[in-house]
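> This is the structure, below, for whatever I ask next.
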Amino acid sequence: MTERGGFDYLIVGAGFAGSVLAERLANELNLRVLIVDRRPHIGGNAYDRYDDAGILVHPYGPHIFHTNSAEVYNYLSRFTQWRPYQHRVLASVDGQLLPIPINLDTVNRLYGLSLTSFQLEEFFASVAEPIEHPRTSEDVVVGRVGRDLYNKFFRGYTRKQWGLDPSELDASVTARVPTRTNRDDRYFSDTYQAMPLHGYTRMFERMLDHPNIKVMLNTDYREIQDLVPWRYMIYTGPVDAFFDYRHGHLPYRSLEFVHETHPVEQFQPVGTVNYPNDYAYTRISEFKHITGQQHPHTSVVYEYPREGGDPYYPIPRPENAELYRLYARDAEALENVTFVGRLATYRYYNMDQVVAQALTTFRKLRERHTEATPL
Ligand code: FAD
Ligand code: UDP
């Protein structure tokens, strides 16, 4: 605790990055934390709430928790119980709803074939255009499944989602989606796949429920950073904004979310349906599949990619990585500010990766406190 009665840490952003660090610093090191967010709620982009119809929705798009990390899963399990959930996605292609990731059923139904897994491997080998060092998001898919499947499932979706051709994006973007030769139609294959039983917001409330943690909402940190005494800052917002865009704007991709409630029990057969080639939106997600909630009506969200607006996705491509390096160098030079999270480190991270990054950051900060500042 500071002698002046101020805060040891000012944490900017109450999403996963900020909330995990607030919890660790308060619980483990007994430090005093002020966590501020300019939005009117905690949880960052993972925030969920009950809509007017009483259905639990994710205002910032569907968030499905999955991880291979026992450490991350066990850590979050301190703050929530879980509901096992395996996400399934269908893509609307040539008038059919077909499984994505591409699997045995996708290919058989698309082309009217009845291949076995072994024959599908041969089929992929015959249509793939092998590329020795796949560099772009086009290389990855064309190198695995050939140009026709690439055009039908990936090219249009990616151009819509990113405003760029897959050939202009790093391989890592489309490499997020695997290709399978069996009939496994799960979107993810991680060891742990589950949703917080009572929602993300309830989980965040429990993380931040500590006498050493003060939460201040509707507040940009710039409004209070000179009014409240603090020693160290953790910043989880966009890194270029922190430095007043001194090297220029880092490109982020935005989305507009259009929410609807329908007076039917079910709107679509699975949690998410992707529309790679039609409409201005990329996908529709129906929350009840994801949360397991029973309700006579149902709520869905459409995602419309946007150039401007709230920053949601860093855009992985070489020139952006180069610009980010300038900001990363400036960030490293600041001794009392630590940058954590998807926007602050410009990484296309899932929730579990942000939690892992925050836990690693905590271990480093703990060294600083146990070495330099006897508690
Ligand atoms: P954020 O959640 O963005 O939190 C940062 C916070 O900082 C925000 O609340 C912001 O308001 C606040 N802030 C910024 N600037 C300031 C300021 N100046 N002053 C005060 N506060 C400020 N991940 C998965 O694992 N599974 C999924 O299914 C999944 N689906 C996704 C779907 C969409 C549409 C999107 C956009 C992301 C999805 N993600 C998913 C990724 C997930 O949202 C992120 O990994 C995670 O929420 C990032 O946490 P964070 O704390 O780094 O950032
Ligand atoms: N993608 C695609 N078609 C699909 C699904 C994904 O082209 O049907 C590509 C697209 O570029 C997308 C990327 O793969 O942005 C990653 O997909 P993911 O579902 O992981 O995106 P997120 O959920 O992070 O928006």
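Convention: chains lettered A, B, ... in structure tokens order; per-chain residue numbering from 1; ligands numbered from 1 as shown.
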Quick one: everything within 8 Å of Glu129 in chain A, counting only C-alpha atoms, minus sequence neighbours fewer than 3 positions away in the same chain. Send it as a VMD selection string.

chain A and resid 142 to 147

> Which residues of chain A have any atom within 6 Å of an atom in ligand 1 when counting only C-alpha atoms and all ligand atoms, and what is the closest pair of atoms for each, with the distance in Å to one decimal? Order the rows by chain and rising number and write it as JSON lines.


```
{"residue": "A:Val12", "atom": "CA", "partner": "ligand 1", "partner_atom_place_in_ligand_line": "21 (N)", "distance": 5.1}
{"residue": "A:Gly13", "atom": "CA", "partner": "ligand 1", "partner_atom_place_in_ligand_line": "7 (O)", "distance": 3.2}
{"residue": "A:Ala14", "atom": "CA", "partner": "ligand 1", "partner_atom_place_in_ligand_line": "6 (C)", "distance": 5.3}
{"residue": "A:Gly15", "atom": "CA", "partner": "ligand 1", "partner_atom_place_in_ligand_line": "51 (O)", "distance": 3.7}
{"residue": "A:Phe16", "atom": "CA", "partner": "ligand 1", "partner_atom_place_in_ligand_line": "51 (O)", "distance": 3.9}
{"residue": "A:Ala17", "atom": "CA", "partner": "ligand 1", "partner_atom_place_in_ligand_line": "51 (O)", "distance": 3.8}
{"residue": "A:Gly18", "atom": "CA", "partner": "ligand 1", "partner_atom_place_in_ligand_line": "51 (O)", "distance": 5.7}
{"residue": "A:Val36", "atom": "CA", "partner": "ligand 1", "partner_atom_place_in_ligand_line": "20 (C)", "distance": 5.5}
{"residue": "A:Asp37", "atom": "CA", "partner": "ligand 1", "partner_atom_place_in_ligand_line": "21 (N)", "distance": 3.5}
{"residue": "A:Arg38", "atom": "CA", "partner": "ligand 1", "partner_atom_place_in_ligand_line": "20 (C)", "distance": 4.1}
{"residue": "A:Arg39", "atom": "CA", "partner": "ligand 1", "partner_atom_place_in_ligand_line": "11 (O)", "distance": 4.9}
{"residue": "A:Gly44", "atom": "CA", "partner": "ligand 1", "partner_atom_place_in_ligand_line": "9 (O)", "distance": 3.4}
{"residue": "A:Asn45", "atom": "CA", "partner": "ligand 1", "partner_atom_place_in_ligand_line": "2 (O)", "distance": 4.0}
{"residue": "A:Ala46", "atom": "CA", "partner": "ligand 1", "partner_atom_place_in_ligand_line": "47 (O)", "distance": 5.0}
{"residue": "A:Tyr60", "atom": "CA", "partner": "ligand 1", "partner_atom_place_in_ligand_line": "34 (C)", "distance": 5.7}
{"residue": "A:Gly61", "atom": "CA", "partner": "ligand 1", "partner_atom_place_in_ligand_line": "34 (C)", "distance": 4.3}
{"residue": "A:Pro62", "atom": "CA", "partner": "ligand 1", "partner_atom_place_in_ligand_line": "32 (C)", "distance": 5.3}
{"residue": "A:His63", "atom": "CA", "partner": "ligand 1", "partner_atom_place_in_ligand_line": "28 (O)", "distance": 3.5}
{"residue": "A:Ile64", "atom": "CA", "partner": "ligand 1", "partner_atom_place_in_ligand_line": "28 (O)", "distance": 3.7}
{"residue": "A:Phe65", "atom": "CA", "partner": "ligand 1", "partner_atom_place_in_ligand_line": "25 (O)", "distance": 5.1}
{"residue": "A:Thr219", "atom": "CA", "partner": "ligand 1", "partner_atom_place_in_ligand_line": "20 (C)", "distance": 5.8}
{"residue": "A:Asp220", "atom": "CA", "partner": "ligand 1", "partner_atom_place_in_ligand_line": "19 (N)", "distance": 3.5}
{"residue": "A:Tyr221", "atom": "CA", "partner": "ligand 1", "partner_atom_place_in_ligand_line": "19 (N)", "distance": 4.3}
{"residue": "A:Thr236", "atom": "CA", "partner": "ligand 1", "partner_atom_place_in_ligand_line": "5 (C)", "distance": 5.2}
{"residue": "A:Gly237", "atom": "CA", "partner": "ligand 1", "partner_atom_place_in_ligand_line": "14 (C)", "distance": 3.6}
{"residue": "A:Tyr312", "atom": "CA", "partner": "ligand 1", "partner_atom_place_in_ligand_line": "36 (C)", "distance": 4.5}
{"residue": "A:Gly341", "atom": "CA", "partner": "ligand 1", "partner_atom_place_in_ligand_line": "52 (O)", "distance": 3.2}
{"residue": "A:Arg342", "atom": "CA", "partner": "ligand 1", "partner_atom_place_in_ligand_line": "52 (O)", "distance": 4.0}
{"residue": "A:Leu343", "atom": "CA", "partner": "ligand 1", "partner_atom_place_in_ligand_line": "52 (O)", "distance": 5.9}
{"residue": "A:Tyr349", "atom": "CA", "partner": "ligand 1", "partner_atom_place_in_ligand_line": "45 (O)", "distance": 4.8}
{"residue": "A:Asn350", "atom": "CA", "partner": "ligand 1", "partner_atom_place_in_ligand_line": "25 (O)", "distance": 3.6}
{"residue": "A:Met351", "atom": "CA", "partner": "ligand 1", "partner_atom_place_in_ligand_line": "25 (O)", "distance": 3.7}
{"residue": "A:Asp352", "atom": "CA", "partner": "ligand 1", "partner_atom_place_in_ligand_line": "25 (O)", "distance": 5.6}
{"residue": "A:Val354", "atom": "CA", "partner": "ligand 1", "partner_atom_place_in_ligand_line": "45 (O)", "distance": 5.8}
```

> Show me which residues sit within 6 Å of ligand 2 when counting only C-alpha atoms and all ligand atoms, and put them as a list in words.

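Result of the 6 Å neighbour search around ligand 2: Ala91, Phe153, Phe154, Arg155, Tyr157, Thr158, Gln161, Val173, Thr174, Arg176, Val177 and Asn274 of chain A.
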
> Which residues of range 72-117 of chain A have any atom within 10 Å of an atom in range 196-205 of chain A when counting only C-alpha atoms, and what is the closest pair of atoms for each, with the distance in Å to one decimal? Order the rows by chain and rising number and write it as a Markdown table.


```
| residue | atom | partner | partner_atom | distance |
| --- | --- | --- | --- | --- |
| A:Leu76 | CA | A:Met203 | CA | 8.1 |
| A:Ser77 | CA | A:Pro196 | CA | 8.8 |
| A:Arg78 | CA | A:Met203 | CA | 9.0 |
| A:Phe79 | CA | A:Met203 | CA | 5.4 |
| A:Thr80 | CA | A:Met203 | CA | 5.5 |
| A:Gln81 | CA | A:Leu197 | CA | 5.4 |
| A:Trp82 | CA | A:Leu197 | CA | 4.6 |
| A:Arg83 | CA | A:Leu197 | CA | 5.1 |
| A:Pro84 | CA | A:Leu197 | CA | 8.8 |
| A:Tyr85 | CA | A:Pro196 | CA | 9.8 |
```

> Please dump the current selection as a PDB file, in the first residue's frame; keep N, CA, C and O atoms.


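What ended up in part-v4.pdb:
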```pdb
ATOM      1  N   LEU A  76      -9.069 -19.254 -14.330  1.00  0.00           N
ATOM      2  CA  LEU A  76     -10.410 -18.665 -14.487  1.00  0.00           C
ATOM      3  C   LEU A  76     -11.452 -19.438 -13.690  1.00  0.00           C
ATOM      4  O   LEU A  76     -12.470 -18.870 -13.268  1.00  0.00           O
ATOM      5  N   SER A  77     -11.193 -20.728 -13.460  1.00  0.00           N
ATOM      6  CA  SER A  77     -12.148 -21.548 -12.707  1.00  0.00           C
ATOM      7  C   SER A  77     -12.295 -21.082 -11.254  1.00  0.00           C
ATOM      8  O   SER A  77     -13.234 -21.477 -10.565  1.00  0.00           O
ATOM      9  N   ARG A  78     -11.377 -20.241 -10.796  1.00  0.00           N
ATOM     10  CA  ARG A  78     -11.559 -19.667  -9.449  1.00  0.00           C
ATOM     11  C   ARG A  78     -12.729 -18.697  -9.407  1.00  0.00           C
ATOM     12  O   ARG A  78     -13.237 -18.370  -8.348  1.00  0.00           O
ATOM     13  N   PHE A  79     -13.113 -18.186 -10.590  1.00  0.00           N
ATOM     14  CA  PHE A  79     -14.113 -17.120 -10.625  1.00  0.00           C
ATOM     15  C   PHE A  79     -15.405 -17.525 -11.316  1.00  0.00           C
ATOM     16  O   PHE A  79     -16.328 -16.721 -11.418  1.00  0.00           O
ATOM     17  N   THR A  80     -15.439 -18.721 -11.832  1.00  0.00           N
ATOM     18  CA  THR A  80     -16.664 -19.153 -12.518  1.00  0.00           C
ATOM     19  C   THR A  80     -16.768 -20.671 -12.535  1.00  0.00           C
ATOM     20  O   THR A  80     -15.756 -21.369 -12.501  1.00  0.00           O
ATOM     21  N   GLN A  81     -18.010 -21.140 -12.597  1.00  0.00           N
ATOM     22  CA  GLN A  81     -18.252 -22.526 -12.998  1.00  0.00           C
ATOM     23  C   GLN A  81     -18.417 -22.507 -14.510  1.00  0.00           C
ATOM     24  O   GLN A  81     -18.573 -21.427 -15.108  1.00  0.00           O
ATOM     25  N   TRP A  82     -18.429 -23.674 -15.123  1.00  0.00           N
ATOM     26  CA  TRP A  82     -18.451 -23.723 -16.587  1.00  0.00           C
ATOM     27  C   TRP A  82     -19.613 -24.544 -17.108  1.00  0.00           C
ATOM     28  O   TRP A  82     -20.080 -25.464 -16.440  1.00  0.00           O
ATOM     29  N   ARG A  83     -20.001 -24.231 -18.333  1.00  0.00           N
ATOM     30  CA  ARG A  83     -20.943 -25.073 -19.075  1.00  0.00           C
ATOM     31  C   ARG A  83     -20.201 -25.574 -20.309  1.00  0.00           C
ATOM     32  O   ARG A  83     -19.791 -24.774 -21.157  1.00  0.00           O
ATOM     33  N   PRO A  84     -19.974 -26.897 -20.401  1.00  0.00           N
ATOM     34  CA  PRO A  84     -19.253 -27.404 -21.563  1.00  0.00           C
ATOM     35  C   PRO A  84     -19.973 -26.985 -22.845  1.00  0.00           C
ATOM     36  O   PRO A  84     -21.206 -27.059 -22.918  1.00  0.00           O
ATOM     37  N   TYR A  85     -19.227 -26.504 -23.810  1.00  0.00           N
ATOM     38  CA  TYR A  85     -19.833 -26.079 -25.079  1.00  0.00           C
ATOM     39  C   TYR A  85     -18.836 -26.220 -26.223  1.00  0.00           C
ATOM     40  O   TYR A  85     -17.740 -25.673 -26.158  1.00  0.00           O
TER      41      TYR A  85
END
```

> Name the residues in contact with Val301 in chain A at a cut-off of 6 Å, using only C-alpha atoms, excluding same-chain residues fewer than 6 positions from it; report them as a ChimeraX atom specification.

/A:258-259,284-285

> Write out, as a PDB file, in the first residue's frame, the residues just selected, with all heavy atoms.


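The resulting file, part29.pdb, is shown below:
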```pdb
ATOM      1  N   VAL A 258     -25.124  -5.639 -35.317  1.00  0.00           N
ATOM      2  CA  VAL A 258     -26.563  -5.376 -35.382  1.00  0.00           C
ATOM      3  C   VAL A 258     -27.275  -6.528 -34.671  1.00  0.00           C
ATOM      4  O   VAL A 258     -27.202  -7.680 -35.110  1.00  0.00           O
ATOM      5  CB  VAL A 258     -27.035  -5.227 -36.842  1.00  0.00           C
ATOM      6  CG1 VAL A 258     -28.545  -5.077 -36.907  1.00  0.00           C
ATOM      7  CG2 VAL A 258     -26.346  -4.025 -37.488  1.00  0.00           C
ATOM      8  N   HIS A 259     -27.916  -6.182 -33.565  1.00  0.00           N
ATOM      9  CA  HIS A 259     -28.595  -7.198 -32.743  1.00  0.00           C
ATOM     10  C   HIS A 259     -30.079  -7.233 -33.078  1.00  0.00           C
ATOM     11  O   HIS A 259     -30.697  -6.194 -33.280  1.00  0.00           O
ATOM     12  CB  HIS A 259     -28.414  -6.858 -31.255  1.00  0.00           C
ATOM     13  CG  HIS A 259     -27.016  -7.069 -30.769  1.00  0.00           C
ATOM     14  ND1 HIS A 259     -26.619  -8.210 -30.119  1.00  0.00           N
ATOM     15  CD2 HIS A 259     -25.911  -6.289 -30.855  1.00  0.00           C
ATOM     16  CE1 HIS A 259     -25.332  -8.120 -29.811  1.00  0.00           C
ATOM     17  NE2 HIS A 259     -24.874  -6.959 -30.246  1.00  0.00           N
ATOM     18  N   ILE A 284     -23.676 -14.579 -38.819  1.00  0.00           N
ATOM     19  CA  ILE A 284     -24.771 -14.369 -37.868  1.00  0.00           C
ATOM     20  C   ILE A 284     -24.562 -15.376 -36.740  1.00  0.00           C
ATOM     21  O   ILE A 284     -24.357 -16.572 -36.999  1.00  0.00           O
ATOM     22  CB  ILE A 284     -26.158 -14.614 -38.502  1.00  0.00           C
ATOM     23  CG1 ILE A 284     -26.344 -13.749 -39.763  1.00  0.00           C
ATOM     24  CG2 ILE A 284     -27.269 -14.338 -37.487  1.00  0.00           C
ATOM     25  CD1 ILE A 284     -27.676 -13.998 -40.484  1.00  0.00           C
ATOM     26  N   SER A 285     -24.622 -14.893 -35.504  1.00  0.00           N
ATOM     27  CA  SER A 285     -24.487 -15.800 -34.355  1.00  0.00           C
ATOM     28  C   SER A 285     -25.744 -15.735 -33.513  1.00  0.00           C
ATOM     29  O   SER A 285     -26.324 -14.663 -33.316  1.00  0.00           O
ATOM     30  CB  SER A 285     -23.267 -15.421 -33.516  1.00  0.00           C
ATOM     31  OG  SER A 285     -22.099 -15.561 -34.294  1.00  0.00           O
TER      32      SER A 285
END
```

> Determine, counting only C-alpha atoms, which protein, DNA and RNA residues have an atom within 10 Å of an atom of Arg180 in chain A; residues of the same chain fewer than 3 positions away are not included. Present the result as a list of chain:residue names.

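The filter keeps A:Ile100, A:Pro101, A:Ile102, A:Asn103, A:Leu104, A:Asp105, A:Thr106, A:Ser117, A:Leu120, A:Glu121, A:Val177, A:Arg183, A:Asp184, A:Asp185.
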
> Would you output that residue set with all heavy atoms, as a CSV table (one decimal), in the first residue's frame?


```
chain,number,residue,atom,x,y,z
A,100,ILE,N,-17.8,-25.7,-41.6
A,100,ILE,CA,-16.5,-25.0,-41.7
A,100,ILE,C,-15.9,-25.2,-40.3
A,100,ILE,O,-16.7,-24.9,-39.4
A,100,ILE,CB,-16.6,-23.6,-42.2
A,100,ILE,CG1,-15.3,-22.8,-42.2
A,100,ILE,CG2,-17.6,-22.8,-41.4
A,100,ILE,CD1,-14.5,-22.9,-43.4
A,101,PRO,N,-14.7,-25.5,-40.0
A,101,PRO,CA,-13.6,-25.9,-40.9
A,101,PRO,C,-14.0,-27.0,-42.0
A,101,PRO,O,-14.8,-27.9,-41.7
A,101,PRO,CB,-12.6,-26.5,-40.0
A,101,PRO,CG,-12.8,-26.0,-38.7
A,101,PRO,CD,-14.3,-25.7,-38.6
A,102,ILE,N,-13.4,-26.8,-43.2
A,102,ILE,CA,-13.7,-27.8,-44.2
A,102,ILE,C,-13.3,-29.2,-43.7
A,102,ILE,O,-12.2,-29.4,-43.2
A,102,ILE,CB,-12.8,-27.4,-45.5
A,102,ILE,CG1,-13.4,-26.1,-46.1
A,102,ILE,CG2,-12.9,-28.6,-46.5
A,102,ILE,CD1,-12.5,-25.5,-47.2
A,103,ASN,N,-14.3,-30.1,-43.9
A,103,ASN,CA,-14.0,-31.5,-43.5
A,103,ASN,C,-14.6,-32.5,-44.5
A,103,ASN,O,-15.0,-32.0,-45.6
A,103,ASN,CB,-14.6,-31.8,-42.0
A,103,ASN,CG,-16.1,-31.8,-42.0
A,103,ASN,OD1,-16.8,-31.8,-43.0
A,103,ASN,ND2,-16.7,-31.8,-40.8
A,104,LEU,N,-14.6,-33.7,-44.2
A,104,LEU,CA,-15.1,-34.8,-45.2
A,104,LEU,C,-16.5,-34.5,-45.7
A,104,LEU,O,-16.8,-34.5,-46.9
A,104,LEU,CB,-15.0,-36.1,-44.5
A,104,LEU,CG,-15.4,-37.3,-45.3
A,104,LEU,CD1,-14.5,-37.5,-46.5
A,104,LEU,CD2,-15.3,-38.6,-44.5
A,105,ASP,N,-17.4,-34.1,-44.7
A,105,ASP,CA,-18.8,-33.8,-45.1
A,105,ASP,C,-18.9,-32.6,-46.0
A,105,ASP,O,-19.7,-32.5,-46.9
A,105,ASP,CB,-19.7,-33.6,-43.9
A,105,ASP,CG,-19.9,-35.0,-43.2
A,105,ASP,OD1,-20.1,-36.0,-43.9
A,105,ASP,OD2,-19.8,-35.0,-42.0
A,106,THR,N,-18.0,-31.6,-45.7
A,106,THR,CA,-18.1,-30.3,-46.5
A,106,THR,C,-17.8,-30.7,-48.0
A,106,THR,O,-18.6,-30.3,-48.9
A,106,THR,CB,-17.0,-29.4,-46.1
A,106,THR,OG1,-17.0,-29.3,-44.7
A,106,THR,CG2,-17.1,-28.0,-46.7
A,117,SER,N,-12.1,-40.7,-45.8
A,117,SER,CA,-11.1,-39.8,-45.3
A,117,SER,C,-9.8,-40.0,-46.2
A,117,SER,O,-9.2,-39.0,-46.5
A,117,SER,CB,-10.8,-40.1,-43.9
A,117,SER,OG,-11.8,-39.7,-43.1
A,120,LEU,N,-10.2,-38.4,-49.4
A,120,LEU,CA,-10.2,-37.0,-49.3
A,120,LEU,C,-8.7,-36.5,-49.3
A,120,LEU,O,-8.4,-35.4,-49.9
A,120,LEU,CB,-11.0,-36.5,-48.1
A,120,LEU,CG,-11.0,-35.0,-47.9
A,120,LEU,CD1,-11.6,-34.3,-49.1
A,120,LEU,CD2,-11.8,-34.6,-46.7
A,121,GLU,N,-7.9,-37.2,-48.6
A,121,GLU,CA,-6.5,-36.8,-48.5
A,121,GLU,C,-5.9,-36.8,-49.9
A,121,GLU,O,-5.2,-35.8,-50.3
A,121,GLU,CB,-5.7,-37.8,-47.7
A,121,GLU,CG,-5.7,-37.4,-46.2
A,121,GLU,CD,-5.0,-38.5,-45.3
A,121,GLU,OE1,-3.9,-38.9,-45.7
A,121,GLU,OE2,-5.5,-38.8,-44.3
A,177,VAL,N,-8.0,-21.3,-39.0
A,177,VAL,CA,-9.1,-22.2,-39.3
A,177,VAL,C,-8.4,-23.5,-39.9
A,177,VAL,O,-7.8,-23.4,-41.0
A,177,VAL,CB,-10.1,-21.6,-40.3
A,177,VAL,CG1,-11.2,-22.6,-40.6
A,177,VAL,CG2,-10.6,-20.3,-39.8
A,183,ARG,N,-14.7,-36.3,-40.0
A,183,ARG,CA,-16.1,-35.7,-39.9
A,183,ARG,C,-16.2,-34.8,-38.7
A,183,ARG,O,-17.3,-34.3,-38.4
A,183,ARG,CB,-17.2,-36.8,-39.9
A,183,ARG,CG,-17.0,-37.7,-41.1
A,183,ARG,CD,-18.2,-38.6,-41.2
A,183,ARG,NE,-19.5,-37.9,-41.5
A,183,ARG,CZ,-20.7,-38.4,-41.3
A,183,ARG,NH1,-20.8,-39.6,-40.9
A,183,ARG,NH2,-21.7,-37.6,-41.5
A,184,ASP,N,-15.1,-34.5,-38.0
A,184,ASP,CA,-15.2,-33.6,-36.9
A,184,ASP,C,-15.6,-32.2,-37.4
A,184,ASP,O,-15.0,-31.6,-38.2
A,184,ASP,CB,-13.7,-33.5,-36.3
A,184,ASP,CG,-13.7,-32.7,-35.0
A,184,ASP,OD1,-14.7,-32.1,-34.7
A,184,ASP,OD2,-12.6,-32.6,-34.4
A,185,ASP,N,-16.8,-31.8,-36.8
A,185,ASP,CA,-17.3,-30.5,-37.3
A,185,ASP,C,-17.3,-29.4,-36.2
A,185,ASP,O,-18.0,-28.4,-36.3
A,185,ASP,CB,-18.7,-30.6,-37.8
A,185,ASP,CG,-19.7,-31.1,-36.7
A,185,ASP,OD1,-19.3,-31.5,-35.6
A,185,ASP,OD2,-20.9,-31.0,-37.0
```

> Fewer than 3 positions away in the same chain doesn't count, so skip those; otherwise give me all residues within 8 Å of His247 in chain A, counting only C-alpha atoms, as a PyMOL selection string.

chain A and resi 240+323+326-327

> From the DSSP assignment of the backbone, select every residue of range 195-275 of chain A that is strand (DSSP E), and format the answer as a list of chain:residue names.

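Here is the list: A:Met195, A:Pro196, A:Ile213, A:Lys214, A:Val215, A:Met216, A:Trp230, A:Arg231, A:Tyr232, A:Met233, A:Ile234, A:Tyr235, A:Tyr252, A:Arg253, A:Ser254, A:Leu255, A:Glu256, A:Phe257, A:Val258, A:His259, A:Glu260, A:Thr261, A:His262, A:Thr272, A:Val273, A:Asn274.
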
> Taking only C-alpha atoms into account, name the residue in A:Pro229, A:Gly54, A:Pro130, A:Pro269 that is nearest to Leu10 in chain A.

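Among the listed residues, A:Pro229 lies closest to Leu10 in chain A.
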
> Could you list, as a ChimeraX atom specification, every residue within 12 Å of Glu319 in chain A, counting only C-alpha atoms and ignoring same-chain residues fewer than 3 positions away?

/A:168-170,250-251,315-316,322-326

> Interatomic distance between CA of Phe339 in chain A and CA of Tyr235 in chain A?

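CA of Phe339 in chain A sits 5.0 Å away from CA of Tyr235 in chain A.
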
> Within 10 Å of Ile55 in chain A, counting only C-alpha atoms, which residues show up once you throw out same-chain ones fewer than 6 positions away? Write them as a ChimeraX atom specification, please.

/A:49,261,287-288,291,293-300

> Keeping only N, CA and C atoms, write the selected residues as a tab-separated table (two decimals), in the first residue's frame.


```
chain	number	residue	atom	x	y	z
A	49	ARG	N	-24.52	-9.32	-21.32
A	49	ARG	CA	-25.63	-8.77	-20.55
A	49	ARG	C	-26.94	-9.35	-21.04
A	261	THR	N	-33.88	-9.52	-32.02
A	261	THR	CA	-34.57	-10.60	-31.30
A	261	THR	C	-35.73	-11.07	-32.16
A	287	PHE	N	-27.22	-16.54	-29.83
A	287	PHE	CA	-26.61	-16.70	-28.51
A	287	PHE	C	-27.08	-17.91	-27.73
A	288	LYS	N	-28.34	-18.29	-27.88
A	288	LYS	CA	-28.85	-19.40	-27.05
A	288	LYS	C	-28.10	-20.71	-27.30
A	291	THR	N	-24.89	-20.13	-25.12
A	291	THR	CA	-25.05	-20.03	-23.66
A	291	THR	C	-25.88	-21.17	-23.09
A	293	GLN	N	-29.05	-21.12	-22.88
A	293	GLN	CA	-30.25	-20.57	-22.24
A	293	GLN	C	-31.53	-21.09	-22.94
A	294	GLN	N	-32.56	-21.37	-22.13
A	294	GLN	CA	-33.87	-21.75	-22.66
A	294	GLN	C	-34.74	-20.50	-22.66
A	295	HIS	N	-35.41	-20.21	-23.75
A	295	HIS	CA	-36.25	-19.02	-23.84
A	295	HIS	C	-37.14	-19.18	-25.07
A	296	PRO	N	-38.41	-18.75	-25.02
A	296	PRO	CA	-39.27	-18.92	-26.20
A	296	PRO	C	-38.86	-18.06	-27.39
A	297	HIS	N	-38.10	-16.99	-27.16
A	297	HIS	CA	-37.61	-16.14	-28.25
A	297	HIS	C	-36.09	-16.32	-28.38
A	298	THR	N	-35.52	-15.67	-29.40
A	298	THR	CA	-34.08	-15.86	-29.58
A	298	THR	C	-33.42	-14.57	-30.09
A	299	SER	N	-32.18	-14.32	-29.68
A	299	SER	CA	-31.45	-13.12	-30.09
A	299	SER	C	-30.23	-13.51	-30.91
A	300	VAL	N	-30.00	-12.72	-31.98
A	300	VAL	CA	-28.88	-12.99	-32.88
A	300	VAL	C	-28.10	-11.70	-33.09
```

> Using CA of Lys152 in chain A and CA of Phe257 in chain A as the two end points, give the distance in Å to one decimal.

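Separation of CA of Lys152 in chain A and CA of Phe257 in chain A: 24.4 Å.
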
> Please determine, counting only C-alpha atoms, which residue among A:His289, A:His249, A:Arg231, A:Arg306 has the shortest atom-to-atom distance to Leu31 in chain A.

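Closest to Leu31 in chain A, using only C-alpha atoms: A:Arg231.
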
> Choose the residue, out of A:Asp226, A:Glu367, A:Glu303, A:Asp278, that has the smallest atom-to-atom separation from Gly6 in chain A; count only C-alpha atoms.

A:Asp226

> Give the answer as one residue: which of A:Thr338, A:Tyr348, A:Leu365, A:Asn30 has the shortest atom-to-atom distance to Met233 in chain A, using only C-alpha atoms?

A:Thr338

> Which parts of range 87-318 of chain A does DSSP call alpha helix (DSSP H) when run on the backbone here, written out as number ranges by chain?

A: 104-111, 117-127, 137-149, 156-162, 171-174, 200-208, 221-224, 239-242, 287-291, 318

> Any idea what the distance is between CA of Asn212 in chain A and CA of Arg32 in chain A?

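Interatomic distance, CA of Asn212 in chain A to CA of Arg32 in chain A: 4.8 Å.
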